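*Asks:* One structure follows; several queries about it will come next.
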Amino acid sequence: MTSAAPASTTASISDPARAQTRILRVLVASQVLSGAGLAAGVTVGALLAQDMLGSTSLAGLPSALFTAGSALAAIVVSRISQVRGRRPGLASGYLTGAIGSAGVITAAVLDNPVLLFIALFVYGAGTATNLQARYAGADLAAPGHRGRAVSTVLVATTLGGVAGPNLAAPTGNLAESLGIPHLAGLFLLSGLAYALAALVLALWLRPDPLLLARALAETRDSKATAGTIADAADTREGRGGVVLGALVMVLTQLVMVAIMTMTPVHMHDHGHGTAASGLVIAIHIGAMYLPSPLTGWLVDRYGRMKIAAASGITLLAAGILAAAAPGDSVALLALALALLGLGWNCGLVAGTAIITDTVPLATRAKTQGLVDVSIAVAGATGGMASGIMVAATSYPALALTGGALSLALLPTVAATAYRR
């Protein structure tokens with residue numbers, strides 16, 4: 001069931017290009033804030049769990065929990081978006097992430113691991129919403145510009161995502177002055193950032209991009225009829241596109257989360273402090289989002305398949321370098337994590353464009369939510385398995401395994417390209 005477009009949306013139909021410009025500006029503002037929010041879990045989540053539990057084997061559990069929470073949130077946010085529009089869906093997701101951040105801080109103060117794990121699960125809603133926002137950027141974009149529209153939203157995450165980890169030390173000092181454990185300091189920042197992102201969207205994401213896109217489609221009388229026939233004829237190809245796009249994003253998420261999660265723990269075990277690990281994660285997050293304008297242009301110019309294949313090759317290089325880098329070399333680990341972020345970025349932009357190309361407007365939000373659930377489950381699997389694997393083997397073994405897994409993208413992309 002979908003809602004009818006409100007009067008404010010219908011009134012904007014005469015100038016959809018202007019509406020798209022405004023929508024992208026609001027999404028950029030919210031993504032800058034949410035980027036700072038998602039950095040907390042990435043940077044100190046594993047360290048916080050390790051400090052509470054005194055065990056490396058469960059250090060990957062926080063990443064698994066907030067990515068599992070993002071899976072549930074992806075369903076909820078997408079269902080709200082499907083019925084009510086992007087604005088209430090995204091705003092509610094960020095608000096839930098802010099509540100989770102507050103729960104993490106409370107758990108740290110009480111030294112309560114159970115509460116920590118519950119709060120991290122809720123905190124994952126912010127991660128899911130941050131990813132869902134890229135779809136909102138593409139709702140009104142022309143097919144030949146979807147990669148760039150997605151990349152515009154993604155790149156906005158860079159500012160907050162890079163700044164957030166580098167604030168680990170000062171926010172930790174602030175937390176200690178408030179009687180909160182040092183490692184929980186970044187969650188003070190994430191709670192505020194997610195709450196502000198929710199406020200920005202609730203107030204200014206008007207017209208709603210998904211509702212406006214539907215309203216535009218309904219006004220194209222003859223074109224809409226032709227489009228319906230074309231959609232019916234392309235149903236099989238559309239399903240194949242959804243599977244391919246999802247597979248690209250699932251594999252890149254699995255490899256990225258697994259290696260990223262254990263890098264701060266690996267560095268901590270080699271004597272590095274939170275400032276060094278925060279710098280490496282900041283570089284990684286920057287590489288995840290900063291190349292987005294170039295990636296989006298490449299996806300639109302050279303095609304989704306080629307960039308998806310490039311993603312697998314880049315992730316392989318990242319895994320090899322992370323495995324070979326000495327534990328005391330911040331520079332080489334930072335370079336490995338930068339390649340890891342770049343490979344993820346290529347996979348996400350290409351996969352998102354494939355999904356948006358093949359899913360009709362009537363079911364777009366729902367299908368996108370289900371795809372993001374798969375991505376979140378892959379991230380949860382990577383996060384959980386990473387700690388267990390490092391405890392059983394080593395960090396280099398984890399990195400090499402992740403790089404090898406990324407090669408699975410190549411035959412899949414090649415087979416799809418051949419069929420076309």
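Each chain in the structure tokens gets a letter, A, B and so on, in the order shown; residues start at 1 in every chain, and ligands are counted from 1 in the order they appear.
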Skipping near chain neighbours, those fewer than 3 positions away, what residues fall within 8 Å of Gln82 (chain A) using only C-alpha atoms, listed as a list in words?
*Replies:* Met1, Thr2, Ser78, Arg79, Gly85, Arg86, Thr363, Arg364, Ala365 and Lys366 of chain A
*Asks:* Restrict the selected residues to N, CA, C and O atoms and save them as a PDB file, in the first residue's frame.
*Replies:*
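Writing the result to again_5.pdb gives the following:
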ATOM      1  N   MET A   1       0.855  -1.203   0.000  1.00  0.00           N
ATOM      2  CA  MET A   1       0.000   0.000   0.000  1.00  0.00           C
ATOM      3  C   MET A   1       0.880   1.239   0.000  1.00  0.00           C
ATOM      4  O   MET A   1       1.842   1.340   0.746  1.00  0.00           O
ATOM      5  N   THR A   2       0.586   2.216  -0.823  1.00  0.00           N
ATOM      6  CA  THR A   2       1.347   3.450  -0.876  1.00  0.00           C
ATOM      7  C   THR A   2       0.424   4.619  -0.629  1.00  0.00           C
ATOM      8  O   THR A   2      -0.764   4.592  -0.904  1.00  0.00           O
ATOM      9  N   SER A  78      12.458   1.215   5.696  1.00  0.00           N
ATOM     10  CA  SER A  78      11.961   1.060   4.326  1.00  0.00           C
ATOM     11  C   SER A  78      10.440   0.937   4.285  1.00  0.00           C
ATOM     12  O   SER A  78       9.794   1.455   3.369  1.00  0.00           O
ATOM     13  N   ARG A  79       9.857   0.248   5.286  1.00  0.00           N
ATOM     14  CA  ARG A  79       8.393   0.122   5.312  1.00  0.00           C
ATOM     15  C   ARG A  79       7.735   1.475   5.577  1.00  0.00           C
ATOM     16  O   ARG A  79       6.709   1.810   4.973  1.00  0.00           O
ATOM     17  N   GLY A  85       6.700   7.863   2.970  1.00  0.00           N
ATOM     18  CA  GLY A  85       7.701   8.678   2.289  1.00  0.00           C
ATOM     19  C   GLY A  85       9.049   8.608   2.975  1.00  0.00           C
ATOM     20  O   GLY A  85       9.196   8.091   4.082  1.00  0.00           O
ATOM     21  N   ARG A  86      10.062   9.130   2.298  1.00  0.00           N
ATOM     22  CA  ARG A  86      11.438   9.078   2.819  1.00  0.00           C
ATOM     23  C   ARG A  86      11.621   9.895   4.094  1.00  0.00           C
ATOM     24  O   ARG A  86      12.369   9.520   4.985  1.00  0.00           O
ATOM     25  N   THR A 363       7.305  -0.456  -5.766  1.00  0.00           N
ATOM     26  CA  THR A 363       7.852  -1.324  -4.704  1.00  0.00           C
ATOM     27  C   THR A 363       9.289  -0.950  -4.358  1.00  0.00           C
ATOM     28  O   THR A 363       9.986  -1.729  -3.720  1.00  0.00           O
ATOM     29  N   ARG A 364       9.738   0.203  -4.793  1.00  0.00           N
ATOM     30  CA  ARG A 364      11.153   0.555  -4.673  1.00  0.00           C
ATOM     31  C   ARG A 364      11.643   0.553  -3.236  1.00  0.00           C
ATOM     32  O   ARG A 364      12.638  -0.099  -2.904  1.00  0.00           O
ATOM     33  N   ALA A 365      10.986   1.284  -2.351  1.00  0.00           N
ATOM     34  CA  ALA A 365      11.474   1.407  -0.970  1.00  0.00           C
ATOM     35  C   ALA A 365      11.499   0.057  -0.266  1.00  0.00           C
ATOM     36  O   ALA A 365      12.442  -0.267   0.468  1.00  0.00           O
ATOM     37  N   LYS A 366      10.461  -0.750  -0.482  1.00  0.00           N
ATOM     38  CA  LYS A 366      10.381  -2.054   0.165  1.00  0.00           C
ATOM     39  C   LYS A 366      11.520  -2.962  -0.291  1.00  0.00           C
ATOM     40  O   LYS A 366      12.191  -3.608   0.530  1.00  0.00           O
TER      41      LYS A 366
END
*Asks:* Within 7 Å of region 108-114 of chain A, counting only C-alpha atoms, which residues qualify if same-chain residues fewer than 6 places away don't, as a list in words?
*Replies:*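 Returned residues: Met52, Ile180, Pro181 and Ala184 of chain A.
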*Asks:* Please dump the current selection as a PDB file, in the first residue's frame; keep N, CA, C and O atoms.
*Replies:*
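Written output follows (out.pdb):
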ATOM      1  N   MET A  52      35.315  -4.268  28.671  1.00  0.00           N
ATOM      2  CA  MET A  52      34.310  -4.772  29.614  1.00  0.00           C
ATOM      3  C   MET A  52      34.443  -6.277  29.846  1.00  0.00           C
ATOM      4  O   MET A  52      34.299  -6.760  30.969  1.00  0.00           O
ATOM      5  N   ILE A 180      31.954   9.558  32.930  1.00  0.00           N
ATOM      6  CA  ILE A 180      31.677   8.503  31.947  1.00  0.00           C
ATOM      7  C   ILE A 180      33.002   7.892  31.514  1.00  0.00           C
ATOM      8  O   ILE A 180      33.985   8.623  31.330  1.00  0.00           O
ATOM      9  N   PRO A 181      33.095   6.573  31.337  1.00  0.00           N
ATOM     10  CA  PRO A 181      34.340   5.962  30.875  1.00  0.00           C
ATOM     11  C   PRO A 181      34.854   6.588  29.588  1.00  0.00           C
ATOM     12  O   PRO A 181      34.068   6.960  28.697  1.00  0.00           O
ATOM     13  N   ALA A 184      33.679   5.590  26.010  1.00  0.00           N
ATOM     14  CA  ALA A 184      32.288   5.890  25.639  1.00  0.00           C
ATOM     15  C   ALA A 184      32.108   7.332  25.181  1.00  0.00           C
ATOM     16  O   ALA A 184      31.000   7.724  24.778  1.00  0.00           O
TER      17      ALA A 184
END
*Asks:* Provide the CA of Thr129 (chain A) to CA of Asp372 (chain A) distance in Å, to one decimal place.
*Replies:* 9.9 Å
*Asks:* Considering only C-alpha atoms, can you say which of A:Ala64, A:Ala308, A:Ala202, A:Ala39 comes closest to Gly126 (chain A)?
*Replies:*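 Using only C-alpha atoms, Gly126 (chain A) sits closest to A:Ala39.
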*Asks:* Give me the residues of region 158-216 of chain A that have any atom at most 9 Å from an atom of region 138-148 of chain A; for each, the nearest atom pair and the distance in Å, rounded to one decimal. Use only C-alpha atoms, sort by chain and number, and format it as a Markdown table.
*Replies:*
| residue | atom | partner | partner_atom | distance |
| --- | --- | --- | --- | --- |
| A:Pro209 | CA | A:Asp139 | CA | 5.9 |
| A:Leu210 | CA | A:Asp139 | CA | 5.7 |
| A:Leu212 | CA | A:Leu140 | CA | 7.8 |
| A:Ala213 | CA | A:Leu140 | CA | 5.7 |
*Asks:* Counting only C-alpha atoms, what are the residues of region 272-314 of chain A within 7 Å of region 401-411 of chain A, and for each of them which pair of atoms is the nearest and at what distance in Å, to one decimal? Sort the table by chain and rising number, as a tab-separated table.
*Replies:*
residue	atom	partner	partner_atom	distance
A:Ala309	CA	A:Leu410	CA	5.5
A:Gly312	CA	A:Ser406	CA	4.9
A:Ile313	CA	A:Leu407	CA	6.8
*Asks:* Would you mind telling me which residue in A:Gln31, A:Thr393, A:Ser190, A:Thr358 lies nearest to Pro165 (chain A) when using only C-alpha atoms?
*Replies:* A:Ser190
